[in-house]
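> Can you keep this structure in mind? I'll have questions shortly.
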Amino acid sequence: MLKEIFDPNPEFAERAAIKSMDEYWALQNKAKEDYEGFWKSYADEKIDWLSAYKEVLDDSNPPFYKWFTEGRLNICNQCVDRHLADHAHKTAILFEGDRGDVEHISYAQLSLQVNKMANLLRHEFGVTKGDRVVLYMPMIPEAAYAMLACARIGAIHSIVFGGFSSEALKDRIEDAEAKVVITADGAYRKGKPYMLKQVVDDALSQGGECVEAVLVVKRNNEETAWVEGRDHNYNELIVHQHAECPFEAMDSEDPLFLLYTSGSTGKPKGVQHNTAGYILWAQMTMEWVFDIKESDVYWCTADIGWITGHTYIIYGPLAAGATTVMFEGVPTYPDAGRAWKMVQDHKINQFYTAPTAIRVLHKMGEDEPKKYDLSSLKVLGTVGEPIDPPAWKWYYEAVGNSN
């Protein structure tokens, strides 16, 4: 069977982190020859350790492997604080709302908002290291603030995708024994408001007695039910919070977050991701796979409710000091050119989406990419289910200009 070969753009390859297949195989061989030494070199270079680790890998009790034992770090420091000296005014998060509203959030502004939310969780609700916080959020900046605030104070966040039912939300709240739920009144989709808070109310009416407080971000300002003593208005409380919040020194193996399986084969199972190994892998894959540079504007179209969103919207790009795009809406509203207009307007360099989205965009707007300047694009990515050749070729040719 004849196979087509698609060579990378030689100009791009010259400046890439991995410039050729020869360099890739050399990297792989280096890892095979000295596995621990390989990861030690990157851990020493990429992570801002608060105190040094004693051992790269403790494999004495398989399958319970431990990485960078006794090392201390903080993921919020890795993603935010350490960039402030040189990049305080650079855009960390570029938010575009469903209705086209755009917000450029600098690393300094991100630091301020995360510190204030961390203080809010710590002082208003008594959230401390090891407590679980469930997020049931739309794709808005406050979701990123909440993730990083939890990481800052050592709380373990568990994000539940905003499309899940009240029963699914209840199951995950109860399994995690969440102390606080952070949600929003709702958000916007296809120009219209939709509601989230009532799903939280329904979930907690069925169980979730562990929850002491519900923190509600006002996004679409629709009327919503309110439980006195339990529900709290984020927008009112956040303005009174102090702008400085010391971060917790976390052990390398301390949990960072829980993320639950879909539950399609039974009860959802919480997968725990720990601190040092996770953030190192997130940052290295950003550099190796997406060739991220500090000057890049990077867009992953996933939702933060999925692992792709955790790693490739928030933690990976911010650890690399890049600009990450958060998008509230859908790529086909108001038309099938929405994504390409965003690439043009924001001069996006890396675009990472799902085969399903590519097929929909192809079907709805085969010629739409021609209407926009997509010359800023350097890397196209696709993730999830396998992509069929016709969809990939359209993506490569129409969106990537065969480049």
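A note on labels: chains of the structure tokens are A, B, ... as shown, every chain counts residues from 1, and ligands are counted from 1 in their shown order.
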DSSP on the backbone: which residues in stretch 16-177 of chain A end up as alpha helix (DSSP H)? Give the answer as number ranges by chain.

A: 21-33, 35-46, 75-79, 84-87, 107-119, 141-153, 166-176

> Extract, using only C-alpha atoms, all DNA, RNA and protein residues at most 10 Å from A:Val127, discarding same-chain residues fewer than 5 positions from it, and format them as an NGL selection string.

:A and (118-122 or 132-133 or 150 or 153-156 or 179-180)

> Export N, CA, C and O atoms of the chosen residues as a JSON list (two decimals), in the first residue's frame?


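Output below, filename selection.json:
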```json
[["chain", "number", "residue", "atom", "x", "y", "z"],
["A", 118, "ALA", "N", -6.81, 32.28, 46.53],
["A", 118, "ALA", "CA", -6.20, 31.39, 47.52],
["A", 118, "ALA", "C", -6.50, 31.87, 48.95],
["A", 118, "ALA", "O", -6.83, 31.07, 49.84],
["A", 119, "ASN", "N", -6.41, 33.17, 49.17],
["A", 119, "ASN", "CA", -6.75, 33.73, 50.48],
["A", 119, "ASN", "C", -8.23, 33.54, 50.80],
["A", 119, "ASN", "O", -8.60, 33.27, 51.96],
["A", 120, "LEU", "N", -9.07, 33.69, 49.80],
["A", 120, "LEU", "CA", -10.50, 33.48, 50.00],
["A", 120, "LEU", "C", -10.78, 32.05, 50.44],
["A", 120, "LEU", "O", -11.51, 31.82, 51.41],
["A", 121, "LEU", "N", -10.18, 31.08, 49.77],
["A", 121, "LEU", "CA", -10.38, 29.67, 50.14],
["A", 121, "LEU", "C", -9.81, 29.37, 51.52],
["A", 121, "LEU", "O", -10.43, 28.69, 52.34],
["A", 122, "ARG", "N", -8.63, 29.92, 51.75],
["A", 122, "ARG", "CA", -7.93, 29.61, 53.01],
["A", 122, "ARG", "C", -8.60, 30.27, 54.22],
["A", 122, "ARG", "O", -8.82, 29.61, 55.24],
["A", 132, "ARG", "N", -10.12, 18.70, 49.66],
["A", 132, "ARG", "CA", -10.54, 18.57, 48.27],
["A", 132, "ARG", "C", -11.55, 19.65, 47.92],
["A", 132, "ARG", "O", -12.47, 19.95, 48.70],
["A", 133, "VAL", "N", -11.36, 20.24, 46.74],
["A", 133, "VAL", "CA", -12.24, 21.28, 46.22],
["A", 133, "VAL", "C", -12.72, 20.84, 44.84],
["A", 133, "VAL", "O", -11.90, 20.58, 43.95],
["A", 150, "CYS", "N", -5.85, 26.52, 44.36],
["A", 150, "CYS", "CA", -5.79, 25.24, 45.09],
["A", 150, "CYS", "C", -4.35, 24.74, 45.15],
["A", 150, "CYS", "O", -3.87, 24.33, 46.21],
["A", 153, "ILE", "N", -2.18, 26.63, 47.79],
["A", 153, "ILE", "CA", -2.34, 26.36, 49.22],
["A", 153, "ILE", "C", -2.33, 24.86, 49.53],
["A", 153, "ILE", "O", -2.55, 24.47, 50.68],
["A", 154, "GLY", "N", -2.08, 24.05, 48.51],
["A", 154, "GLY", "CA", -1.95, 22.61, 48.75],
["A", 154, "GLY", "C", -3.26, 21.85, 48.78],
["A", 154, "GLY", "O", -3.28, 20.67, 49.15],
["A", 155, "ALA", "N", -4.36, 22.51, 48.39],
["A", 155, "ALA", "CA", -5.63, 21.80, 48.28],
["A", 155, "ALA", "C", -5.63, 20.97, 47.00],
["A", 155, "ALA", "O", -4.92, 21.28, 46.04],
["A", 156, "ILE", "N", -6.43, 19.93, 46.97],
["A", 156, "ILE", "CA", -6.49, 19.03, 45.81],
["A", 156, "ILE", "C", -7.76, 19.36, 45.04],
["A", 156, "ILE", "O", -8.87, 19.22, 45.57],
["A", 179, "LYS", "N", -14.79, 19.58, 50.36],
["A", 179, "LYS", "CA", -15.15, 20.54, 51.39],
["A", 179, "LYS", "C", -15.87, 21.75, 50.79],
["A", 179, "LYS", "O", -16.78, 22.32, 51.40],
["A", 180, "VAL", "N", -15.44, 22.13, 49.58],
["A", 180, "VAL", "CA", -15.98, 23.31, 48.89],
["A", 180, "VAL", "C", -16.26, 22.94, 47.44],
["A", 180, "VAL", "O", -15.50, 22.18, 46.83]]
```

> What does the distance from atom CA of A:Ile140 to atom CA of A:Gln206 come to in Å, to one decimal?

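Atom-to-atom, atom CA of A:Ile140 to atom CA of A:Gln206, that is 27.2 Å.
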
> Find the nearest atom pair between each residue of stretch 132-229 of chain A and stretch 331-348 of chain A for residues within 12 Å, count only C-alpha atoms, give distances in Å to one decimal, sort rows by chain and ascending number, and present the table as CSV.


```
residue,atom,partner,partner_atom,distance
A:Tyr188,CA,A:Tyr333,CA,11.4
A:Arg189,CA,A:Tyr333,CA,8.6
A:Lys190,CA,A:Tyr333,CA,5.8
A:Gly191,CA,A:Pro334,CA,8.2
A:Lys192,CA,A:Tyr333,CA,11.2
```

> Now that the selection is made, can you save its residues with N, CA, C and O atoms as a PDB file, in the first residue's frame?


```pdb
ATOM      1  N   TYR A 188     -22.096  31.514  28.723  1.00  0.00           N
ATOM      2  CA  TYR A 188     -22.767  31.761  27.448  1.00  0.00           C
ATOM      3  C   TYR A 188     -22.363  30.690  26.446  1.00  0.00           C
ATOM      4  O   TYR A 188     -21.213  30.259  26.396  1.00  0.00           O
ATOM      5  N   ARG A 189     -23.326  30.258  25.671  1.00  0.00           N
ATOM      6  CA  ARG A 189     -23.070  29.305  24.587  1.00  0.00           C
ATOM      7  C   ARG A 189     -23.954  29.673  23.414  1.00  0.00           C
ATOM      8  O   ARG A 189     -25.163  29.793  23.556  1.00  0.00           O
ATOM      9  N   LYS A 190     -23.325  29.878  22.254  1.00  0.00           N
ATOM     10  CA  LYS A 190     -24.033  30.307  21.041  1.00  0.00           C
ATOM     11  C   LYS A 190     -24.861  31.562  21.295  1.00  0.00           C
ATOM     12  O   LYS A 190     -26.002  31.671  20.865  1.00  0.00           O
ATOM     13  N   GLY A 191     -24.258  32.486  22.049  1.00  0.00           N
ATOM     14  CA  GLY A 191     -24.877  33.785  22.268  1.00  0.00           C
ATOM     15  C   GLY A 191     -25.941  33.824  23.336  1.00  0.00           C
ATOM     16  O   GLY A 191     -26.484  34.894  23.634  1.00  0.00           O
ATOM     17  N   LYS A 192     -26.240  32.680  23.943  1.00  0.00           N
ATOM     18  CA  LYS A 192     -27.312  32.635  24.937  1.00  0.00           C
ATOM     19  C   LYS A 192     -26.776  32.125  26.272  1.00  0.00           C
ATOM     20  O   LYS A 192     -25.887  31.277  26.306  1.00  0.00           O
TER      21      LYS A 192
END
```

> Can you tell me which residues surround A:Tyr278 at a distance of at most 10 Å, considering only C-alpha atoms, apart from same-chain residues fewer than 4 positions away, and format the answer as a list in words?

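Selected residues are Trp67, Ile75, Ser252, Glu253, Pro255, Leu256, His273, Asn274, Ala282, Gln283, Thr311, Tyr315 and Gly316 of chain A.
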
> Just C-alpha atoms for this one: save the residues we selected as a PDB file, in the first residue's frame.


```
ATOM      1  CA  TRP A  67       9.603  10.395  41.741  1.00  0.00           C
ATOM      2  CA  ILE A  75       3.032  24.198  41.070  1.00  0.00           C
ATOM      3  CA  SER A 252       7.095  15.869  45.056  1.00  0.00           C
ATOM      4  CA  GLU A 253       4.619  13.071  45.643  1.00  0.00           C
ATOM      5  CA  PRO A 255      -1.406  15.029  45.170  1.00  0.00           C
ATOM      6  CA  LEU A 256      -2.080  17.945  42.813  1.00  0.00           C
ATOM      7  CA  HIS A 273      -2.008  13.061  39.694  1.00  0.00           C
ATOM      8  CA  ASN A 274       0.935  14.007  41.876  1.00  0.00           C
ATOM      9  CA  ALA A 282       3.514  18.707  31.172  1.00  0.00           C
ATOM     10  CA  GLN A 283       6.297  21.197  30.547  1.00  0.00           C
ATOM     11  CA  THR A 311      -2.342  19.857  31.066  1.00  0.00           C
ATOM     12  CA  TYR A 315      -0.402  23.795  33.634  1.00  0.00           C
ATOM     13  CA  GLY A 316       1.784  23.035  30.600  1.00  0.00           C
TER      14      GLY A 316
END
```

> If you count only C-alpha atoms, which residues fall within 10 Å of A:Asp201, apart from same-chain ones fewer than 2 positions away, as a list in words?

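After dropping sequence-adjacent residues, the list is Ser166, Lys170, Leu196, Lys197, Gln198, Val199, Ala203, Leu204, Ser205, Gln206, Val214, Thr224, Ala225, Trp226, Val227 and Asp231 of chain A.
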
> Take the selection from the previous step and output its residues with all heavy atoms, as a compact mmCIF listing (two decimals), in the first residue's frame.


```
# COMPACT_ATOMS: atom_id res chain seq x y z
N SER A 166 -26.30 16.22 37.35
CA SER A 166 -26.25 16.43 38.80
C SER A 166 -25.87 15.15 39.53
O SER A 166 -25.13 15.18 40.52
CB SER A 166 -27.60 16.95 39.31
OG SER A 166 -28.64 16.03 39.02
N LYS A 170 -22.70 14.73 41.88
CA LYS A 170 -22.86 14.26 43.27
C LYS A 170 -21.90 13.12 43.58
O LYS A 170 -21.23 13.10 44.62
CB LYS A 170 -24.29 13.81 43.51
CG LYS A 170 -24.53 13.17 44.90
CD LYS A 170 -25.86 12.48 45.01
CE LYS A 170 -25.93 11.16 44.27
NZ LYS A 170 -25.24 10.07 45.00
N LEU A 196 -25.48 26.71 35.35
CA LEU A 196 -24.71 25.66 36.01
C LEU A 196 -25.08 25.51 37.48
O LEU A 196 -25.13 24.39 38.00
CB LEU A 196 -23.21 25.97 35.91
CG LEU A 196 -22.50 25.70 34.59
CD1 LEU A 196 -21.06 26.19 34.68
CD2 LEU A 196 -22.53 24.23 34.25
N LYS A 197 -25.35 26.63 38.15
CA LYS A 197 -25.58 26.60 39.59
C LYS A 197 -26.71 25.65 39.98
O LYS A 197 -26.63 24.96 40.99
CB LYS A 197 -25.88 28.03 40.07
CG LYS A 197 -26.41 28.16 41.50
CD LYS A 197 -25.42 27.70 42.56
CE LYS A 197 -25.76 28.23 43.92
NZ LYS A 197 -27.11 27.94 44.41
N GLN A 198 -27.78 25.60 39.17
CA GLN A 198 -28.91 24.74 39.54
C GLN A 198 -28.53 23.27 39.51
O GLN A 198 -29.11 22.45 40.23
CB GLN A 198 -30.10 25.00 38.62
CG GLN A 198 -29.87 24.66 37.15
CD GLN A 198 -30.97 25.22 36.26
OE1 GLN A 198 -31.49 26.32 36.51
NE2 GLN A 198 -31.31 24.49 35.22
N VAL A 199 -27.53 22.90 38.68
CA VAL A 199 -27.06 21.51 38.66
C VAL A 199 -26.36 21.19 39.98
O VAL A 199 -26.52 20.10 40.54
CB VAL A 199 -26.12 21.27 37.46
CG1 VAL A 199 -25.67 19.81 37.42
CG2 VAL A 199 -26.81 21.65 36.15
N ALA A 203 -27.46 18.41 42.69
CA ALA A 203 -26.50 17.41 43.17
C ALA A 203 -26.47 17.38 44.69
O ALA A 203 -26.50 16.30 45.31
CB ALA A 203 -25.11 17.72 42.62
N LEU A 204 -26.44 18.56 45.31
CA LEU A 204 -26.33 18.62 46.77
C LEU A 204 -27.66 18.30 47.46
O LEU A 204 -27.68 17.96 48.64
CB LEU A 204 -25.81 19.99 47.20
CG LEU A 204 -24.37 20.31 46.73
CD1 LEU A 204 -23.93 21.67 47.21
CD2 LEU A 204 -23.39 19.23 47.20
N SER A 205 -28.75 18.37 46.72
CA SER A 205 -30.04 17.95 47.30
C SER A 205 -30.13 16.43 47.36
O SER A 205 -30.92 15.88 48.13
CB SER A 205 -31.21 18.49 46.45
OG SER A 205 -31.29 17.82 45.21
N GLN A 206 -29.27 15.74 46.59
CA GLN A 206 -29.25 14.27 46.58
C GLN A 206 -28.22 13.69 47.53
O GLN A 206 -28.22 12.49 47.81
CB GLN A 206 -28.93 13.76 45.17
CG GLN A 206 -29.88 14.23 44.08
CD GLN A 206 -29.35 13.88 42.69
OE1 GLN A 206 -28.97 12.74 42.43
NE2 GLN A 206 -29.31 14.86 41.80
N VAL A 214 -20.47 26.60 48.96
CA VAL A 214 -20.50 26.67 47.49
C VAL A 214 -20.14 28.11 47.11
O VAL A 214 -20.81 29.06 47.54
CB VAL A 214 -21.88 26.30 46.93
CG1 VAL A 214 -21.91 26.50 45.41
CG2 VAL A 214 -22.23 24.85 47.28
N THR A 224 -30.74 32.93 40.08
CA THR A 224 -30.44 31.57 40.52
C THR A 224 -30.84 31.42 41.98
O THR A 224 -30.84 32.39 42.76
CB THR A 224 -28.94 31.26 40.34
OG1 THR A 224 -28.68 29.91 40.70
CG2 THR A 224 -28.06 32.17 41.18
N ALA A 225 -31.20 30.21 42.34
CA ALA A 225 -31.57 29.94 43.74
C ALA A 225 -30.35 30.12 44.63
O ALA A 225 -29.21 29.99 44.20
CB ALA A 225 -32.12 28.53 43.86
N TRP A 226 -30.61 30.44 45.91
CA TRP A 226 -29.53 30.73 46.85
C TRP A 226 -29.83 30.07 48.18
O TRP A 226 -30.93 30.21 48.71
CB TRP A 226 -29.40 32.24 47.03
CG TRP A 226 -28.01 32.69 47.40
CD1 TRP A 226 -27.58 33.08 48.63
CD2 TRP A 226 -26.89 32.79 46.53
NE1 TRP A 226 -26.26 33.43 48.58
CE2 TRP A 226 -25.80 33.26 47.29
CE3 TRP A 226 -26.70 32.52 45.17
CZ2 TRP A 226 -24.54 33.46 46.74
CZ3 TRP A 226 -25.43 32.73 44.63
CH2 TRP A 226 -24.37 33.20 45.41
N VAL A 227 -28.85 29.33 48.70
CA VAL A 227 -29.00 28.69 50.01
C VAL A 227 -28.18 29.51 51.01
O VAL A 227 -26.94 29.51 50.96
CB VAL A 227 -28.52 27.23 49.99
CG1 VAL A 227 -28.61 26.61 51.38
CG2 VAL A 227 -29.33 26.42 48.98
N ASP A 231 -24.15 29.12 50.27
CA ASP A 231 -23.76 29.73 49.00
C ASP A 231 -23.12 31.09 49.22
O ASP A 231 -23.61 31.88 50.05
CB ASP A 231 -24.97 29.86 48.07
CG ASP A 231 -25.57 28.51 47.69
OD1 ASP A 231 -24.90 27.48 47.93
OD2 ASP A 231 -26.70 28.49 47.17
```

> Residues within 9 Å of A:Ser158, please, as a list in words. Count only C-alpha atoms; anything in the same chain fewer than 4 positions from it doesn't count.

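Those residues are Arg132, Val133, Val134, Leu135, Tyr136, Met147, Arg172, Ile173, Ala176, Ala178, Phe257, Leu258, Leu259, Tyr260, Gly270 and Gly305 of chain A.
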
> Would you write out those residues with N, CA and C atoms, as a PDB file, in the first residue's frame?


```pdb
ATOM      1  N   ARG A 132     -10.120  18.695  49.665  1.00  0.00           N
ATOM      2  CA  ARG A 132     -10.545  18.566  48.274  1.00  0.00           C
ATOM      3  C   ARG A 132     -11.551  19.653  47.919  1.00  0.00           C
ATOM      4  N   VAL A 133     -11.356  20.238  46.740  1.00  0.00           N
ATOM      5  CA  VAL A 133     -12.238  21.280  46.223  1.00  0.00           C
ATOM      6  C   VAL A 133     -12.716  20.843  44.841  1.00  0.00           C
ATOM      7  N   VAL A 134     -14.028  20.755  44.662  1.00  0.00           N
ATOM      8  CA  VAL A 134     -14.587  20.376  43.363  1.00  0.00           C
ATOM      9  C   VAL A 134     -14.906  21.636  42.560  1.00  0.00           C
ATOM     10  N   LEU A 135     -14.493  21.645  41.303  1.00  0.00           N
ATOM     11  CA  LEU A 135     -14.796  22.745  40.386  1.00  0.00           C
ATOM     12  C   LEU A 135     -15.802  22.248  39.356  1.00  0.00           C
ATOM     13  N   TYR A 136     -16.907  22.965  39.235  1.00  0.00           N
ATOM     14  CA  TYR A 136     -17.916  22.687  38.208  1.00  0.00           C
ATOM     15  C   TYR A 136     -18.115  23.999  37.488  1.00  0.00           C
ATOM     16  N   MET A 147      -8.010  26.667  39.973  1.00  0.00           N
ATOM     17  CA  MET A 147      -7.042  25.574  39.883  1.00  0.00           C
ATOM     18  C   MET A 147      -5.719  25.971  40.524  1.00  0.00           C
ATOM     19  N   ARG A 172     -19.069  12.364  42.272  1.00  0.00           N
ATOM     20  CA  ARG A 172     -17.670  12.802  42.336  1.00  0.00           C
ATOM     21  C   ARG A 172     -17.419  13.659  43.568  1.00  0.00           C
ATOM     22  N   ILE A 173     -18.393  14.462  43.967  1.00  0.00           N
ATOM     23  CA  ILE A 173     -18.271  15.246  45.198  1.00  0.00           C
ATOM     24  C   ILE A 173     -18.143  14.312  46.397  1.00  0.00           C
ATOM     25  N   ALA A 176     -14.786  12.236  46.470  1.00  0.00           N
ATOM     26  CA  ALA A 176     -13.640  13.071  46.845  1.00  0.00           C
ATOM     27  C   ALA A 176     -13.762  13.638  48.252  1.00  0.00           C
ATOM     28  N   ALA A 178     -15.444  16.332  49.098  1.00  0.00           N
ATOM     29  CA  ALA A 178     -15.110  17.732  48.856  1.00  0.00           C
ATOM     30  C   ALA A 178     -15.620  18.632  49.975  1.00  0.00           C
ATOM     31  N   PHE A 257      -4.085  16.961  41.845  1.00  0.00           N
ATOM     32  CA  PHE A 257      -5.522  16.942  41.531  1.00  0.00           C
ATOM     33  C   PHE A 257      -6.035  15.526  41.366  1.00  0.00           C
ATOM     34  N   LEU A 258      -7.348  15.409  41.476  1.00  0.00           N
ATOM     35  CA  LEU A 258      -8.079  14.182  41.146  1.00  0.00           C
ATOM     36  C   LEU A 258      -8.877  14.457  39.879  1.00  0.00           C
ATOM     37  N   LEU A 259      -8.915  13.479  39.003  1.00  0.00           N
ATOM     38  CA  LEU A 259      -9.755  13.591  37.819  1.00  0.00           C
ATOM     39  C   LEU A 259     -10.441  12.246  37.619  1.00  0.00           C
ATOM     40  N   TYR A 260     -11.755  12.291  37.540  1.00  0.00           N
ATOM     41  CA  TYR A 260     -12.526  11.055  37.519  1.00  0.00           C
ATOM     42  C   TYR A 260     -12.752  10.536  36.107  1.00  0.00           C
ATOM     43  N   GLY A 270     -11.538   7.899  40.656  1.00  0.00           N
ATOM     44  CA  GLY A 270     -10.702   9.091  40.726  1.00  0.00           C
ATOM     45  C   GLY A 270      -9.249   8.756  40.477  1.00  0.00           C
ATOM     46  N   GLY A 305     -12.317  20.522  31.974  1.00  0.00           N
ATOM     47  CA  GLY A 305     -12.868  19.339  32.639  1.00  0.00           C
ATOM     48  C   GLY A 305     -12.199  18.042  32.243  1.00  0.00           C
TER      49      GLY A 305
END
```

> For stretch 215-223 of chain A, please output as a PDB file with N, CA and C atoms, in the first residue's frame all residues within 9 Å (counting only C-alpha atoms; exclusion window: fewer than 6 positions along the same chain).


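Saved to selection10.pdb:
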```
ATOM      1  N   MET A 137     -17.253  24.237  36.486  1.00  0.00           N
ATOM      2  CA  MET A 137     -17.052  25.585  35.973  1.00  0.00           C
ATOM      3  C   MET A 137     -17.165  25.655  34.458  1.00  0.00           C
ATOM      4  N   ILE A 140     -13.966  29.949  31.824  1.00  0.00           N
ATOM      5  CA  ILE A 140     -13.753  31.361  32.123  1.00  0.00           C
ATOM      6  C   ILE A 140     -12.485  31.488  32.970  1.00  0.00           C
ATOM      7  N   GLU A 142     -11.809  32.549  35.838  1.00  0.00           N
ATOM      8  CA  GLU A 142     -11.929  32.166  37.251  1.00  0.00           C
ATOM      9  C   GLU A 142     -11.690  30.670  37.475  1.00  0.00           C
ATOM     10  N   VAL A 180     -15.437  22.135  49.582  1.00  0.00           N
ATOM     11  CA  VAL A 180     -15.984  23.310  48.895  1.00  0.00           C
ATOM     12  C   VAL A 180     -16.259  22.943  47.442  1.00  0.00           C
ATOM     13  N   VAL A 181     -17.338  23.490  46.895  1.00  0.00           N
ATOM     14  CA  VAL A 181     -17.607  23.411  45.459  1.00  0.00           C
ATOM     15  C   VAL A 181     -17.527  24.826  44.897  1.00  0.00           C
ATOM     16  N   ILE A 182     -16.778  24.984  43.812  1.00  0.00           N
ATOM     17  CA  ILE A 182     -16.699  26.272  43.117  1.00  0.00           C
ATOM     18  C   ILE A 182     -17.423  26.120  41.780  1.00  0.00           C
ATOM     19  N   THR A 183     -18.368  27.005  41.532  1.00  0.00           N
ATOM     20  CA  THR A 183     -19.143  26.948  40.295  1.00  0.00           C
ATOM     21  C   THR A 183     -19.412  28.364  39.803  1.00  0.00           C
ATOM     22  N   ALA A 184     -20.278  28.490  38.810  1.00  0.00           N
ATOM     23  CA  ALA A 184     -20.711  29.790  38.307  1.00  0.00           C
ATOM     24  C   ALA A 184     -22.215  29.741  38.144  1.00  0.00           C
ATOM     25  N   ASP A 185     -22.838  30.913  38.125  1.00  0.00           N
ATOM     26  CA  ASP A 185     -24.271  30.902  37.854  1.00  0.00           C
ATOM     27  C   ASP A 185     -24.534  30.263  36.503  1.00  0.00           C
ATOM     28  N   GLY A 186     -23.624  30.478  35.565  1.00  0.00           N
ATOM     29  CA  GLY A 186     -23.714  29.884  34.242  1.00  0.00           C
ATOM     30  C   GLY A 186     -22.663  30.495  33.349  1.00  0.00           C
ATOM     31  N   ALA A 187     -22.917  30.440  32.054  1.00  0.00           N
ATOM     32  CA  ALA A 187     -22.008  31.044  31.084  1.00  0.00           C
ATOM     33  C   ALA A 187     -22.809  31.309  29.825  1.00  0.00           C
ATOM     34  N   TYR A 188     -22.096  31.514  28.723  1.00  0.00           N
ATOM     35  CA  TYR A 188     -22.767  31.761  27.448  1.00  0.00           C
ATOM     36  C   TYR A 188     -22.363  30.690  26.446  1.00  0.00           C
ATOM     37  N   PRO A 193     -27.354  32.618  27.373  1.00  0.00           N
ATOM     38  CA  PRO A 193     -26.907  32.129  28.683  1.00  0.00           C
ATOM     39  C   PRO A 193     -27.391  30.711  28.948  1.00  0.00           C
ATOM     40  N   TYR A 194     -26.553  29.928  29.607  1.00  0.00           N
ATOM     41  CA  TYR A 194     -26.995  28.628  30.125  1.00  0.00           C
ATOM     42  C   TYR A 194     -26.589  28.549  31.585  1.00  0.00           C
ATOM     43  N   MET A 195     -27.229  27.664  32.338  1.00  0.00           N
ATOM     44  CA  MET A 195     -27.093  27.652  33.789  1.00  0.00           C
ATOM     45  C   MET A 195     -26.256  26.474  34.286  1.00  0.00           C
ATOM     46  N   LYS A 197     -25.351  26.626  38.145  1.00  0.00           N
ATOM     47  CA  LYS A 197     -25.583  26.604  39.588  1.00  0.00           C
ATOM     48  C   LYS A 197     -26.711  25.648  39.980  1.00  0.00           C
ATOM     49  N   ARG A 230     -24.744  28.575  52.979  1.00  0.00           N
ATOM     50  CA  ARG A 230     -23.936  27.632  52.184  1.00  0.00           C
ATOM     51  C   ARG A 230     -23.361  28.299  50.937  1.00  0.00           C
ATOM     52  N   ASP A 231     -24.153  29.115  50.265  1.00  0.00           N
ATOM     53  CA  ASP A 231     -23.756  29.725  48.996  1.00  0.00           C
ATOM     54  C   ASP A 231     -23.121  31.094  49.220  1.00  0.00           C
ATOM     55  N   HIS A 232     -22.071  31.374  48.475  1.00  0.00           N
ATOM     56  CA  HIS A 232     -21.315  32.615  48.653  1.00  0.00           C
ATOM     57  C   HIS A 232     -20.996  33.228  47.295  1.00  0.00           C
ATOM     58  N   ASN A 233     -21.096  34.538  47.201  1.00  0.00           N
ATOM     59  CA  ASN A 233     -20.877  35.267  45.963  1.00  0.00           C
ATOM     60  C   ASN A 233     -19.385  35.593  45.813  1.00  0.00           C
ATOM     61  N   TYR A 234     -18.758  34.931  44.864  1.00  0.00           N
ATOM     62  CA  TYR A 234     -17.330  35.136  44.612  1.00  0.00           C
ATOM     63  C   TYR A 234     -17.026  36.596  44.287  1.00  0.00           C
ATOM     64  N   ASN A 235     -17.831  37.199  43.420  1.00  0.00           N
ATOM     65  CA  ASN A 235     -17.557  38.552  42.948  1.00  0.00           C
ATOM     66  C   ASN A 235     -17.560  39.578  44.078  1.00  0.00           C
TER      67      ASN A 235
END
```

> Counting only C-alpha atoms, give me one row per residue of stretch 178-262 of chain A with an atom at most 12 Å from an atom of stretch 41-65 of chain A, showing the shortest contact pair and its distance in Å to one decimal, sorted by chain then residue number, as CSV.


```
residue,atom,partner,partner_atom,distance
A:Phe247,CA,A:Leu50,CA,10.9
A:Glu248,CA,A:Leu50,CA,10.1
A:Ala249,CA,A:Leu50,CA,7.0
A:Met250,CA,A:Leu50,CA,8.9
A:Asp251,CA,A:Tyr53,CA,9.2
A:Ser252,CA,A:Tyr53,CA,8.1
A:Glu253,CA,A:Tyr65,CA,9.7
```

> Can you pull out the residues contacting A:Ala168? Cut-off 10 Å, using only C-alpha atoms, and skip same-chain residues under 3 positions away; I want them as a list in words.

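My reading of the contact set: Val160, Phe161, Gly163, Phe164, Ser165, Asp171, Arg172, Ile173, Ala203, Ser262, Gly263, Lys267 and Pro268 of chain A.
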
> For stretch 250-333 of chain A versus stretch 15-38 of chain A, which residues have an atom no more than 8 Å away, and what is each residue's nearest atom pair and distance in Å rounded to one decimal, using only C-alpha atoms, chain-then-number order, as a Markdown table?


```
| residue | atom | partner | partner_atom | distance |
| --- | --- | --- | --- | --- |
| A:Glu287 | CA | A:Ala17 | CA | 6.7 |
| A:Trp288 | CA | A:Ala17 | CA | 6.1 |
| A:Asp291 | CA | A:Ala17 | CA | 5.9 |
```

> May I have the selected residues written with C-alpha atoms, as a CSV table (one decimal), in the first residue's frame?


```
chain,number,residue,atom,x,y,z
A,287,GLU,CA,8.5,21.9,24.5
A,288,TRP,CA,9.0,18.6,22.6
A,291,ASP,CA,7.7,23.3,20.3
```

> So, with only C-alpha atoms as the atoms that count, which of A:Ile358, A:Thr323, A:Asn401, A:Glu174 lies closest to A:Phe95?

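For A:Phe95, the nearest of the given residues is A:Thr323.
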
> Could you check the closest approach to A:Thr275 for each of A:Ala151, A:Ile159, A:Leu374, A:Ile93 and tell me which residue wins, using only C-alpha atoms?

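Ranked by minimum distance to A:Thr275, first place goes to A:Ala151.
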
> Determine the nearest neighbour of A:Phe327 from the options A:Tyr298, A:Phe6, A:Phe12, A:Tyr145, counting only C-alpha atoms.

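Checking each of A:Tyr298, A:Phe6, A:Phe12, A:Tyr145 against A:Phe327, counting only C-alpha atoms, the winner is A:Tyr298.
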
> Determine which residues of stretch 37-227 of chain A DSSP labels as strand (DSSP E or B) from the backbone of this structure, then write them out as an NGL selection string.

:A and (51 or 55-58 or 66-69 or 72-73 or 91-96 or 102-106 or 132-136 or 156-159 or 180-184 or 186-189 or 192-195 or 213-217)

> Figure out the distance between atom CA of A:Ala143 and atom CA of A:Trp306, please, to one decimal in Å.

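These atoms are spaced 13.0 Å apart.
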